[in-house]
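Peer 1: Sharing input-v4.cif (mmCIF, C-alpha atoms; chains and numbers go by the auth columns) below.
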```cif
data_data
loop_
_atom_site.group_PDB
_atom_site.id
_atom_site.type_symbol
_atom_site.label_atom_id
_atom_site.label_comp_id
_atom_site.label_asym_id
_atom_site.label_seq_id
_atom_site.Cartn_x
_atom_site.Cartn_y
_atom_site.Cartn_z
_atom_site.B_iso_or_equiv
_atom_site.auth_seq_id
_atom_site.auth_asym_id
ATOM 1 C CA MET A 1 0.000 0.000 0.000 0.00 1 A
ATOM 2 C CA GLN A 2 1.410 3.416 -0.927 0.00 2 A
ATOM 3 C CA ARG A 3 1.765 5.949 1.854 0.00 3 A
ATOM 4 C CA SER A 4 1.778 9.709 1.517 0.00 4 A
ATOM 5 C CA GLY A 5 5.201 11.333 1.340 0.00 5 A
ATOM 6 C CA LEU A 6 7.218 12.594 4.281 0.00 6 A
ATOM 7 C CA ARG A 7 7.591 16.365 4.007 0.00 7 A
ATOM 8 C CA LEU A 8 10.902 18.014 4.934 0.00 8 A
ATOM 9 C CA VAL A 9 12.165 21.546 5.471 0.00 9 A
ATOM 10 C CA LEU A 10 15.956 21.930 5.202 0.00 10 A
ATOM 11 C CA THR A 11 18.335 24.652 6.223 0.00 11 A
ATOM 12 C CA ALA A 12 20.748 25.455 3.383 0.00 12 A
ATOM 13 C CA ALA A 13 23.724 24.198 5.387 0.00 13 A
ATOM 14 C CA THR A 14 22.205 20.742 5.778 0.00 14 A
ATOM 15 C CA ALA A 15 20.791 20.580 2.252 0.00 15 A
ATOM 16 C CA GLY A 16 24.231 20.440 0.678 0.00 16 A
ATOM 17 C CA GLY A 17 25.440 17.680 2.972 0.00 17 A
ATOM 18 C CA ALA A 18 22.392 15.504 2.508 0.00 18 A
ATOM 19 C CA GLY A 19 22.011 16.181 -1.179 0.00 19 A
ATOM 20 C CA ALA A 20 25.634 15.319 -1.889 0.00 20 A
ATOM 21 C CA ASP A 21 24.903 11.733 -1.010 0.00 21 A
ATOM 22 C CA GLY A 22 21.560 11.606 -2.748 0.00 22 A
ATOM 23 C CA ALA A 23 19.201 12.353 0.111 0.00 23 A
ATOM 24 C CA GLY A 24 18.196 15.826 -0.981 0.00 24 A
ATOM 25 C CA ALA A 25 15.190 17.229 -2.792 0.00 25 A
ATOM 26 C CA ASP A 26 15.904 15.390 -6.039 0.00 26 A
ATOM 27 C CA ALA A 27 16.192 11.919 -4.612 0.00 27 A
ATOM 28 C CA PRO A 28 12.709 10.429 -5.024 0.00 28 A
ATOM 29 C CA GLY A 29 14.139 6.954 -5.457 0.00 29 A
ATOM 30 C CA ALA A 30 15.539 7.130 -1.935 0.00 30 A
ATOM 31 C CA GLY A 31 12.027 6.894 -0.558 0.00 31 A
ATOM 32 C CA ARG A 32 10.916 3.792 -2.436 0.00 32 A
ATOM 33 C CA ALA A 33 13.225 1.047 -1.234 0.00 33 A
ATOM 34 C CA GLY A 34 11.241 -1.576 0.608 0.00 34 A
ATOM 35 C CA ALA A 35 11.207 -5.279 1.299 0.00 35 A
ATOM 36 C CA GLY A 36 9.427 -7.363 -1.297 0.00 36 A
ATOM 37 C CA GLY A 37 9.072 -4.380 -3.604 0.00 37 A
ATOM 38 C CA ALA A 38 6.508 -2.677 -1.362 0.00 38 A
ATOM 39 C CA GLU A 39 6.271 1.072 -1.811 0.00 39 A
ATOM 40 C CA VAL A 40 7.140 3.183 1.185 0.00 40 A
ATOM 41 C CA ALA A 41 6.891 6.857 1.912 0.00 41 A
ATOM 42 C CA GLU A 42 8.457 9.334 -0.516 0.00 42 A
ATOM 43 C CA ILE A 43 10.646 12.005 1.049 0.00 43 A
ATOM 44 C CA LEU A 44 9.735 15.429 -0.302 0.00 44 A
ATOM 45 C CA VAL A 45 11.629 18.655 0.403 0.00 45 A
ATOM 46 C CA VAL A 46 8.950 21.351 0.639 0.00 46 A
ATOM 47 C CA GLY A 47 11.080 24.225 1.925 0.00 47 A
ATOM 48 C CA GLU A 48 14.667 25.387 2.303 0.00 48 A
ATOM 49 C CA THR A 49 16.363 28.308 4.028 0.00 49 A
ATOM 50 C CA GLY A 50 19.751 29.383 5.330 0.00 50 A
ATOM 51 C CA ASP A 51 18.380 31.341 8.271 0.00 51 A
ATOM 52 C CA GLY A 52 17.262 30.022 11.661 0.00 52 A
ATOM 53 C CA ALA A 53 14.390 32.447 12.117 0.00 53 A
ATOM 54 C CA GLU A 54 13.104 31.644 8.631 0.00 54 A
ATOM 55 C CA ALA A 55 13.366 27.931 9.425 0.00 55 A
ATOM 56 C CA VAL A 56 10.972 28.405 12.347 0.00 56 A
ATOM 57 C CA GLU A 57 8.619 30.420 10.131 0.00 57 A
ATOM 58 C CA LEU A 58 8.664 27.704 7.452 0.00 58 A
ATOM 59 C CA ALA A 59 7.925 25.098 10.121 0.00 59 A
ATOM 60 C CA ARG A 60 4.909 27.137 11.243 0.00 60 A
ATOM 61 C CA ARG A 61 3.658 27.773 7.713 0.00 61 A
ATOM 62 C CA LEU A 62 4.374 24.458 5.973 0.00 62 A
ATOM 63 C CA LEU A 63 4.051 22.053 8.943 0.00 63 A
ATOM 64 C CA PRO A 64 6.536 19.518 7.533 0.00 64 A
ATOM 65 C CA ASP A 65 6.949 16.127 9.154 0.00 65 A
ATOM 66 C CA VAL A 66 10.629 16.849 9.849 0.00 66 A
ATOM 67 C CA LEU A 67 12.765 19.986 9.968 0.00 67 A
ATOM 68 C CA ILE A 68 16.446 19.186 9.360 0.00 68 A
ATOM 69 C CA THR A 69 18.717 21.862 10.774 0.00 69 A
ATOM 70 C CA GLU A 70 22.388 22.676 11.198 0.00 70 A
ATOM 71 C CA ILE A 71 23.475 24.115 14.579 0.00 71 A
ATOM 72 C CA ALA A 72 25.308 27.186 13.247 0.00 72 A
ATOM 73 C CA LEU A 73 22.738 29.413 11.518 0.00 73 A
ATOM 74 C CA PRO A 74 22.195 33.183 11.236 0.00 74 A
ATOM 75 C CA ARG A 75 19.842 34.873 13.728 0.00 75 A
ATOM 76 C CA LEU A 76 18.704 31.668 15.483 0.00 76 A
ATOM 77 C CA ASP A 77 20.990 28.658 15.943 0.00 77 A
ATOM 78 C CA GLY A 78 19.782 25.088 15.577 0.00 78 A
ATOM 79 C CA HIS A 79 19.175 24.632 19.294 0.00 79 A
ATOM 80 C CA THR A 80 16.968 27.716 19.398 0.00 80 A
ATOM 81 C CA VAL A 81 15.129 26.545 16.287 0.00 81 A
ATOM 82 C CA ALA A 82 14.402 23.165 17.902 0.00 82 A
ATOM 83 C CA ARG A 83 13.235 24.823 21.114 0.00 83 A
ATOM 84 C CA ALA A 84 10.997 27.295 19.258 0.00 84 A
ATOM 85 C CA VAL A 85 9.343 24.478 17.302 0.00 85 A
ATOM 86 C CA ALA A 86 8.809 22.427 20.467 0.00 86 A
ATOM 87 C CA ASP A 87 7.547 25.363 22.540 0.00 87 A
ATOM 88 C CA ALA A 88 5.080 26.311 19.800 0.00 88 A
ATOM 89 C CA GLY A 89 3.540 22.844 19.995 0.00 89 A
ATOM 90 C CA LEU A 90 3.971 22.309 16.258 0.00 90 A
ATOM 91 C CA PRO A 91 3.498 18.760 14.903 0.00 91 A
ATOM 92 C CA VAL A 92 7.017 19.025 13.475 0.00 92 A
ATOM 93 C CA ARG A 93 9.984 16.878 14.484 0.00 93 A
ATOM 94 C CA VAL A 94 13.518 18.302 14.406 0.00 94 A
ATOM 95 C CA LEU A 95 16.593 16.408 13.207 0.00 95 A
ATOM 96 C CA VAL A 96 19.977 18.054 13.779 0.00 96 A
ATOM 97 C CA LEU A 97 22.542 17.294 11.060 0.00 97 A
ATOM 98 C CA THR A 98 25.895 18.860 11.890 0.00 98 A
ATOM 99 C CA ALA A 99 29.676 18.511 12.016 0.00 99 A
ATOM 100 C CA ARG A 100 29.645 19.714 15.632 0.00 100 A
ATOM 101 C CA ASP A 101 29.155 16.518 17.631 0.00 101 A
ATOM 102 C CA SER A 102 30.561 17.312 21.071 0.00 102 A
ATOM 103 C CA ASP A 103 28.674 15.827 24.004 0.00 103 A
ATOM 104 C CA GLU A 104 27.564 19.310 25.013 0.00 104 A
ATOM 105 C CA GLU A 105 26.080 19.988 21.557 0.00 105 A
ATOM 106 C CA VAL A 106 24.185 16.686 21.606 0.00 106 A
ATOM 107 C CA LEU A 107 22.811 17.192 25.110 0.00 107 A
ATOM 108 C CA ALA A 108 21.825 20.766 24.273 0.00 108 A
ATOM 109 C CA ALA A 109 19.961 19.544 21.172 0.00 109 A
ATOM 110 C CA ILE A 110 18.098 16.912 23.205 0.00 110 A
ATOM 111 C CA ALA A 111 17.225 19.451 25.878 0.00 111 A
ATOM 112 C CA ALA A 112 15.934 21.786 23.167 0.00 112 A
ATOM 113 C CA GLY A 113 13.548 19.107 21.911 0.00 113 A
ATOM 114 C CA ALA A 114 15.360 17.671 18.890 0.00 114 A
ATOM 115 C CA GLY A 115 14.332 14.125 18.050 0.00 115 A
ATOM 116 C CA GLY A 116 17.538 13.204 16.267 0.00 116 A
ATOM 117 C CA PHE A 117 21.224 14.113 16.031 0.00 117 A
ATOM 118 C CA LEU A 118 23.440 12.985 13.148 0.00 118 A
ATOM 119 C CA ARG A 119 26.846 13.945 11.837 0.00 119 A
ATOM 120 C CA LYS A 120 26.857 15.605 8.418 0.00 120 A
ATOM 121 C CA ASP A 121 29.135 12.878 7.061 0.00 121 A
ATOM 122 C CA ALA A 122 26.534 10.184 7.788 0.00 122 A
ATOM 123 C CA PRO A 123 25.770 7.994 4.725 0.00 123 A
ATOM 124 C CA ALA A 124 22.643 8.915 2.773 0.00 124 A
ATOM 125 C CA ALA A 125 20.914 5.694 3.819 0.00 125 A
ATOM 126 C CA GLU A 126 21.495 6.544 7.488 0.00 126 A
ATOM 127 C CA VAL A 127 20.074 10.050 7.013 0.00 127 A
ATOM 128 C CA ILE A 128 17.009 8.688 5.212 0.00 128 A
ATOM 129 C CA ALA A 129 16.435 6.077 7.933 0.00 129 A
ATOM 130 C CA ALA A 130 16.802 8.778 10.590 0.00 130 A
ATOM 131 C CA VAL A 131 14.259 11.003 8.848 0.00 131 A
ATOM 132 C CA ARG A 132 11.709 8.181 8.787 0.00 132 A
ATOM 133 C CA ALA A 133 12.396 7.204 12.406 0.00 133 A
ATOM 134 C CA VAL A 134 12.122 10.774 13.693 0.00 134 A
ATOM 135 C CA ALA A 135 8.971 11.406 11.629 0.00 135 A
ATOM 136 C CA ALA A 136 7.414 8.312 13.228 0.00 136 A
ATOM 137 C CA GLY A 137 8.112 9.665 16.716 0.00 137 A
ATOM 138 C CA GLY A 138 11.363 7.800 17.322 0.00 138 A
ATOM 139 C CA ALA A 139 14.729 9.122 18.442 0.00 139 A
ATOM 140 C CA VAL A 140 18.024 8.834 16.585 0.00 140 A
ATOM 141 C CA ILE A 141 21.570 9.699 17.673 0.00 141 A
ATOM 142 C CA THR A 142 24.735 8.878 15.707 0.00 142 A
ATOM 143 C CA PRO A 143 25.897 5.552 17.236 0.00 143 A
ATOM 144 C CA MET A 144 29.427 6.686 18.161 0.00 144 A
ATOM 145 C CA VAL A 145 28.040 9.838 19.780 0.00 145 A
ATOM 146 C CA LEU A 146 25.395 7.830 21.645 0.00 146 A
ATOM 147 C CA ALA A 147 28.094 5.527 23.025 0.00 147 A
ATOM 148 C CA ARG A 148 29.903 8.541 24.496 0.00 148 A
ATOM 149 C CA ILE A 149 26.708 9.989 25.949 0.00 149 A
ATOM 150 C CA LEU A 150 25.721 6.701 27.596 0.00 150 A
ATOM 151 C CA ALA A 151 29.207 6.381 29.077 0.00 151 A
ATOM 152 C CA ARG A 152 28.848 9.835 30.632 0.00 152 A
ATOM 153 C CA VAL A 153 25.396 8.980 31.952 0.00 153 A
ATOM 154 C CA ALA A 154 26.755 5.742 33.455 0.00 154 A
ATOM 155 C CA GLU A 155 29.535 7.628 35.258 0.00 155 A
ATOM 156 C CA ALA A 156 27.029 10.095 36.682 0.00 156 A
ATOM 157 C CA LEU A 157 24.622 7.464 37.975 0.00 157 A
ATOM 158 C CA PRO A 158 24.480 6.920 41.740 0.00 158 A
ATOM 159 C CA ALA A 159 25.085 3.492 43.202 0.00 159 A
ATOM 160 C CA PRO A 160 21.984 1.241 43.018 0.00 160 A
ATOM 161 C CA GLU A 161 21.494 1.314 46.776 0.00 161 A
ATOM 162 C CA THR A 162 21.455 5.132 46.805 0.00 162 A
ATOM 163 C CA THR A 163 19.354 5.683 43.698 0.00 163 A
ATOM 164 C CA VAL A 164 16.384 7.957 44.319 0.00 164 A
ATOM 165 C CA THR A 165 13.581 8.094 41.749 0.00 165 A
ATOM 166 C CA PRO A 166 10.984 10.538 43.058 0.00 166 A
ATOM 167 C CA LYS A 167 10.457 11.763 39.487 0.00 167 A
ATOM 168 C CA LEU A 168 9.038 8.355 38.599 0.00 168 A
ATOM 169 C CA ASP A 169 6.608 8.123 41.515 0.00 169 A
ATOM 170 C CA ALA A 170 3.756 9.389 39.372 0.00 170 A
ATOM 171 C CA LEU A 171 4.036 6.396 37.028 0.00 171 A
ATOM 172 C CA THR A 172 2.105 3.153 37.380 0.00 172 A
ATOM 173 C CA ASP A 173 4.018 -0.147 37.344 0.00 173 A
ATOM 174 C CA ARG A 174 3.065 -0.717 33.702 0.00 174 A
ATOM 175 C CA GLU A 175 4.149 2.798 32.731 0.00 175 A
ATOM 176 C CA ARG A 176 7.539 2.180 34.345 0.00 176 A
ATOM 177 C CA GLU A 177 7.844 -1.031 32.362 0.00 177 A
ATOM 178 C CA VAL A 178 7.040 0.902 29.187 0.00 178 A
ATOM 179 C CA LEU A 179 9.695 3.488 30.087 0.00 179 A
ATOM 180 C CA VAL A 180 12.260 0.692 30.482 0.00 180 A
ATOM 181 C CA HIS A 181 11.429 -0.555 26.987 0.00 181 A
ATOM 182 C CA LEU A 182 11.710 2.986 25.595 0.00 182 A
ATOM 183 C CA ALA A 183 15.145 3.353 27.173 0.00 183 A
ATOM 184 C CA ARG A 184 16.235 0.134 25.493 0.00 184 A
ATOM 185 C CA GLY A 185 15.246 1.522 22.102 0.00 185 A
ATOM 186 C CA HIS A 186 12.165 -0.631 21.534 0.00 186 A
ATOM 187 C CA SER A 187 9.459 0.561 19.151 0.00 187 A
ATOM 188 C CA ASN A 188 5.765 0.741 20.077 0.00 188 A
ATOM 189 C CA ALA A 189 5.176 -2.406 18.033 0.00 189 A
ATOM 190 C CA GLU A 190 7.920 -4.295 19.883 0.00 190 A
ATOM 191 C CA ILE A 191 6.601 -3.200 23.274 0.00 191 A
ATOM 192 C CA ALA A 192 3.061 -4.189 22.283 0.00 192 A
ATOM 193 C CA LEU A 193 4.330 -7.637 21.295 0.00 193 A
ATOM 194 C CA ALA A 194 6.169 -8.029 24.615 0.00 194 A
ATOM 195 C CA PHE A 195 3.042 -7.134 26.615 0.00 195 A
ATOM 196 C CA GLN A 196 0.617 -8.883 24.261 0.00 196 A
ATOM 197 C CA VAL A 197 -1.513 -5.765 23.879 0.00 197 A
ATOM 198 C CA SER A 198 -2.378 -3.496 20.981 0.00 198 A
ATOM 199 C CA GLU A 199 0.014 -0.862 19.660 0.00 199 A
ATOM 200 C CA THR A 200 -2.679 1.729 20.407 0.00 200 A
ATOM 201 C CA THR A 201 -2.553 0.750 24.079 0.00 201 A
ATOM 202 C CA ILE A 202 1.221 1.245 24.104 0.00 202 A
ATOM 203 C CA LYS A 203 0.888 4.649 22.438 0.00 203 A
ATOM 204 C CA THR A 204 -1.497 5.596 25.247 0.00 204 A
ATOM 205 C CA HIS A 205 1.002 4.424 27.881 0.00 205 A
ATOM 206 C CA VAL A 206 3.821 6.361 26.186 0.00 206 A
ATOM 207 C CA GLY A 207 1.645 9.469 26.137 0.00 207 A
ATOM 208 C CA HIS A 208 0.951 9.077 29.862 0.00 208 A
ATOM 209 C CA VAL A 209 4.668 8.641 30.605 0.00 209 A
ATOM 210 C CA LEU A 210 5.616 11.761 28.677 0.00 210 A
ATOM 211 C CA GLY A 211 2.750 13.766 30.165 0.00 211 A
ATOM 212 C CA LYS A 212 3.314 12.753 33.791 0.00 212 A
ATOM 213 C CA LEU A 213 7.073 13.342 33.569 0.00 213 A
ATOM 214 C CA ARG A 214 6.625 16.562 31.561 0.00 214 A
ATOM 215 C CA LEU A 215 8.883 15.346 28.760 0.00 215 A
ATOM 216 C CA ARG A 216 8.789 16.555 25.168 0.00 216 A
ATOM 217 C CA ASP A 217 9.535 13.247 23.458 0.00 217 A
ATOM 218 C CA ARG A 218 10.970 9.736 23.673 0.00 218 A
ATOM 219 C CA THR A 219 14.550 11.021 23.559 0.00 219 A
ATOM 220 C CA GLN A 220 14.112 12.880 26.827 0.00 220 A
ATOM 221 C CA ALA A 221 12.363 9.820 28.292 0.00 221 A
ATOM 222 C CA VAL A 222 15.434 7.695 27.472 0.00 222 A
ATOM 223 C CA VAL A 223 17.776 10.203 29.131 0.00 223 A
ATOM 224 C CA LEU A 224 15.577 10.369 32.255 0.00 224 A
ATOM 225 C CA ALA A 225 15.419 6.579 32.526 0.00 225 A
ATOM 226 C CA TYR A 226 19.214 6.437 32.699 0.00 226 A
ATOM 227 C CA GLU A 227 19.564 9.501 34.920 0.00 227 A
ATOM 228 C CA THR A 228 17.207 8.060 37.531 0.00 228 A
ATOM 229 C CA GLY A 229 18.867 4.646 37.476 0.00 229 A
ATOM 230 C CA LEU A 230 15.712 2.918 36.219 0.00 230 A
ATOM 231 C CA VAL A 231 17.851 1.440 33.449 0.00 231 A
ATOM 232 C CA LYS A 232 21.584 0.709 33.637 0.00 232 A
ATOM 233 C CA PRO A 233 23.828 0.804 30.544 0.00 233 A
ATOM 234 C CA GLY A 234 24.504 -2.675 29.207 0.00 234 A
ATOM 235 C CA ARG A 235 21.516 -4.279 30.939 0.00 235 A
#
```
So, in terms of structure tokens, how does the structure I just supplied come out?
Peer 2:
Amino acid sequence: MQRSGLRLVLTAATAGGAGADGAGADAPGAGRAGAGGAEVAEILVVGETGDGAEAVELARRLLPDVLITEIALPRLDGHTVARAVADAGLPVRVLVLTARDSDEEVLAAIAAGAGGFLRKDAPAAEVIAAVRAVAAGGAVITPMVLARILARVAEALPAPETTVTPKLDALTDREREVLVHLARGHSNAEIALAFQVSETTIKTHVGHVLGKLRLRDRTQAVVLAYETGLVKPGR
């Protein structure tokens, strides 16, 4: 079954990097690779700008599925763009594509509400997969960067016997279990299979988790799960 296309807005800085590998506006074939020849969502670039403030305006006006942004932009940087989109409550997900991959940049992007963080030298297939994952509500971080972030989180975690999780007190037992699965990178479908319930039920649980913990998205839920000691790296 054919699905409607995923709509993107790019900043000019990211457009060159993605397009160079074939993931830009003129890469319709990139959106049609699927198992068994099934058609999947096209990726359509509906807007492009080199200015952070204009990127926010395009997000408001065009309501793309994903806004791909560089960090260094005129007027508003990528972090501010992500925060403005999140604070406005727009149904737009933000993917940061940049050469600046320090831990501080990644954590700042997550805190600002970005759903994904990739290096600009990522292969086209990885960028395309990230776009689809972020558009679907998932979270994506370049694997090598994620390994560094998790190592830092592990170092900062208190010993198990001293772990305090008052932030999680508002959750039911099932919601905590769902949060554990989120932290381990499981999709809604995988969690539904594990609990033998419908995917709609899991979406409801995820919504309750995010709402009760006042989190913007699944990325922040993952970070909180590790920060509180609910999940330990490697387990």
Peer 1: Using all atoms listed in the file for the distances, tell me which of A:Leu73, A:Ile68, A:Ala53, A:Ala59 is nearest to A:Arg132.
Peer 2: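 Among the listed residues, A:Ile68 lies closest to A:Arg132.
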Peer 1: Selection in question (the file shown): the PyMOL selection byres ((chain A and resi 74) around 10). Which residues does it include, as a list of chain:residue names?
Peer 2: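 When the PyMOL selection byres ((chain A and resi 74) around 10) is applied to the shown file, the picked residues are A:Gly50, A:Asp51, A:Gly52, A:Ala53, A:Glu54, A:Ile71, A:Ala72, A:Leu73, A:Arg75, A:Leu76, A:Asp77, A:Gly78.
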Peer 1: Give the answer as one residue: which of A:Leu210, A:Arg93, A:Asp103, A:Glu126 has the shortest atom-to-atom distance to A:Ala170, using all atoms listed in the file?
Peer 2: A:Leu210
Peer 1: Can you pull out the residues contacting stretch 142-148 of chain A? Cut-off 12 Å, using only C-alpha atoms, and skip same-chain residues under 4 positions away; I want them as a VMD selection string.
Peer 2: chain A and resid 95 to 107 110 115 to 123 126 to 127 129 to 130 152 to 155 185 219 222 to 223 233 to 234
Peer 1: By how many Å are atom CA of A:Leu62 and atom CA of A:Ala108 apart?
Peer 2: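 Interatomic distance, atom CA of A:Leu62 to atom CA of A:Ala108: 25.6 Å.
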Peer 1: Take every atom of stretch 196-206 of chain A listed in the file, fit an axis-aligned box around them, add 3 Å per side, and give the centre and edge lengths in Å to one decimal as lines of an AutoDock Vina configuration file.
Peer 2:
```
center_x = 0.6
center_y = -1.3
center_z = 23.8
size_x = 12.5
size_y = 21.2
size_z = 14.2
```
Peer 1: For A:Glu48, which residue out of A:Leu10, A:Ala86, A:Ala109, A:Thr172 is the nearest one, using all atoms listed in the file?
Peer 2: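 Looking only at the distances to A:Glu48, the closest residue turns out to be A:Leu10.
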Peer 1: So what do you get for atom CA of A:Ser198 versus atom CA of A:His181, distance-wise?
Peer 2: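 Distance between the two atoms: 15.3 Å.
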Peer 1: Do you have the atom CA of A:Ser187-atom CA of A:Leu215 distance handy?
Peer 2: 17.6 Å
Peer 1: Spell out the residues picked by the PyMOL selection byres ((chain A and resi 221) around 12) here, as an NGL selection string.
Peer 2: :A and (110-111 or 113 or 115 or 138-139 or 167-168 or 175-176 or 178-185 or 206-220 or 222-228 or 230-231)
Peer 1: List every protein, DNA or RNA residue that has an atom no more than 12 Å from (10.2, 26.4, 5.9) in the file's coordinate frame, counting all atoms listed in the file, and report them as a count of residues only.
Peer 2: 34
Peer 1: Have a look at A:Glu177, A:Leu44, A:Lys203, A:Ala82 and name the one nearest to A:Ala136; count all atoms listed in the file.
Peer 2: A:Lys203
Peer 1: From the list A:His205, A:Val197, A:Ile149, A:Leu6, which residue is nearest A:Arg174 when using all atoms listed in the file?
Peer 2: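 Checking each candidate against A:Arg174, we get A:His205 as the closest.
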Peer 1: As a PDB file, keeping the file's coordinate frame, please: stretch 132-150 of chain A completed to N, CA, C and O atoms.
Peer 2:
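result.pdb, freshly written:
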```pdb
ATOM      1  N   ARG A 132      12.924   8.991   8.613  1.00  0.00           N
ATOM      2  CA  ARG A 132      11.709   8.181   8.787  1.00  0.00           C
ATOM      3  C   ARG A 132      11.467   7.867  10.261  1.00  0.00           C
ATOM      4  O   ARG A 132      10.338   7.914  10.742  1.00  0.00           O
ATOM      5  N   ALA A 133      12.544   7.541  10.991  1.00  0.00           N
ATOM      6  CA  ALA A 133      12.396   7.204  12.406  1.00  0.00           C
ATOM      7  C   ALA A 133      11.917   8.402  13.215  1.00  0.00           C
ATOM      8  O   ALA A 133      11.005   8.290  14.047  1.00  0.00           O
ATOM      9  N   VAL A 134      12.508   9.563  12.966  1.00  0.00           N
ATOM     10  CA  VAL A 134      12.122  10.774  13.693  1.00  0.00           C
ATOM     11  C   VAL A 134      10.692  11.168  13.345  1.00  0.00           C
ATOM     12  O   VAL A 134       9.904  11.551  14.216  1.00  0.00           O
ATOM     13  N   ALA A 135      10.330  11.068  12.057  1.00  0.00           N
ATOM     14  CA  ALA A 135       8.971  11.406  11.629  1.00  0.00           C
ATOM     15  C   ALA A 135       7.944  10.515  12.316  1.00  0.00           C
ATOM     16  O   ALA A 135       6.820  10.944  12.597  1.00  0.00           O
ATOM     17  N   ALA A 136       8.336   9.278  12.595  1.00  0.00           N
ATOM     18  CA  ALA A 136       7.414   8.312  13.228  1.00  0.00           C
ATOM     19  C   ALA A 136       7.370   8.458  14.743  1.00  0.00           C
ATOM     20  O   ALA A 136       6.685   7.707  15.422  1.00  0.00           O
ATOM     21  N   GLY A 137       8.127   9.442  15.277  1.00  0.00           N
ATOM     22  CA  GLY A 137       8.112   9.665  16.716  1.00  0.00           C
ATOM     23  C   GLY A 137       9.274   9.033  17.451  1.00  0.00           C
ATOM     24  O   GLY A 137       9.338   9.077  18.682  1.00  0.00           O
ATOM     25  N   GLY A 138      10.206   8.423  16.701  1.00  0.00           N
ATOM     26  CA  GLY A 138      11.363   7.800  17.322  1.00  0.00           C
ATOM     27  C   GLY A 138      12.472   8.801  17.602  1.00  0.00           C
ATOM     28  O   GLY A 138      12.335   9.996  17.353  1.00  0.00           O
ATOM     29  N   ALA A 139      13.573   8.296  18.121  1.00  0.00           N
ATOM     30  CA  ALA A 139      14.729   9.122  18.442  1.00  0.00           C
ATOM     31  C   ALA A 139      15.972   8.496  17.835  1.00  0.00           C
ATOM     32  O   ALA A 139      16.145   7.278  17.877  1.00  0.00           O
ATOM     33  N   VAL A 140      16.836   9.334  17.256  1.00  0.00           N
ATOM     34  CA  VAL A 140      18.024   8.834  16.585  1.00  0.00           C
ATOM     35  C   VAL A 140      19.225   9.677  16.985  1.00  0.00           C
ATOM     36  O   VAL A 140      19.170  10.907  16.936  1.00  0.00           O
ATOM     37  N   ILE A 141      20.312   9.023  17.400  1.00  0.00           N
ATOM     38  CA  ILE A 141      21.570   9.699  17.673  1.00  0.00           C
ATOM     39  C   ILE A 141      22.670   8.889  17.014  1.00  0.00           C
ATOM     40  O   ILE A 141      22.674   7.654  17.095  1.00  0.00           O
ATOM     41  N   THR A 142      23.612   9.563  16.333  1.00  0.00           N
ATOM     42  CA  THR A 142      24.735   8.878  15.707  1.00  0.00           C
ATOM     43  C   THR A 142      25.339   7.878  16.691  1.00  0.00           C
ATOM     44  O   THR A 142      25.650   8.244  17.829  1.00  0.00           O
ATOM     45  N   PRO A 143      25.474   6.599  16.299  1.00  0.00           N
ATOM     46  CA  PRO A 143      25.897   5.552  17.236  1.00  0.00           C
ATOM     47  C   PRO A 143      27.144   5.877  18.053  1.00  0.00           C
ATOM     48  O   PRO A 143      27.171   5.645  19.268  1.00  0.00           O
ATOM     49  N   MET A 144      28.198   6.388  17.423  1.00  0.00           N
ATOM     50  CA  MET A 144      29.427   6.686  18.161  1.00  0.00           C
ATOM     51  C   MET A 144      29.193   7.782  19.199  1.00  0.00           C
ATOM     52  O   MET A 144      29.752   7.750  20.295  1.00  0.00           O
ATOM     53  N   VAL A 145      28.362   8.764  18.840  1.00  0.00           N
ATOM     54  CA  VAL A 145      28.040   9.838  19.780  1.00  0.00           C
ATOM     55  C   VAL A 145      27.205   9.285  20.929  1.00  0.00           C
ATOM     56  O   VAL A 145      27.434   9.614  22.096  1.00  0.00           O
ATOM     57  N   LEU A 146      26.249   8.421  20.609  1.00  0.00           N
ATOM     58  CA  LEU A 146      25.395   7.830  21.645  1.00  0.00           C
ATOM     59  C   LEU A 146      26.228   7.020  22.636  1.00  0.00           C
ATOM     60  O   LEU A 146      25.978   7.053  23.846  1.00  0.00           O
ATOM     61  N   ALA A 147      27.237   6.313  22.132  1.00  0.00           N
ATOM     62  CA  ALA A 147      28.094   5.527  23.025  1.00  0.00           C
ATOM     63  C   ALA A 147      28.791   6.438  24.033  1.00  0.00           C
ATOM     64  O   ALA A 147      28.896   6.101  25.219  1.00  0.00           O
ATOM     65  N   ARG A 148      29.251   7.598  23.585  1.00  0.00           N
ATOM     66  CA  ARG A 148      29.903   8.541  24.496  1.00  0.00           C
ATOM     67  C   ARG A 148      28.919   9.078  25.521  1.00  0.00           C
ATOM     68  O   ARG A 148      29.228   9.188  26.709  1.00  0.00           O
ATOM     69  N   ILE A 149      27.720   9.420  25.052  1.00  0.00           N
ATOM     70  CA  ILE A 149      26.708   9.989  25.949  1.00  0.00           C
ATOM     71  C   ILE A 149      26.320   8.976  27.021  1.00  0.00           C
ATOM     72  O   ILE A 149      26.229   9.304  28.217  1.00  0.00           O
ATOM     73  N   LEU A 150      26.112   7.729  26.635  1.00  0.00           N
ATOM     74  CA  LEU A 150      25.721   6.701  27.596  1.00  0.00           C
ATOM     75  C   LEU A 150      26.840   6.455  28.608  1.00  0.00           C
ATOM     76  O   LEU A 150      26.575   6.180  29.785  1.00  0.00           O
TER      77      LEU A 150
END
```
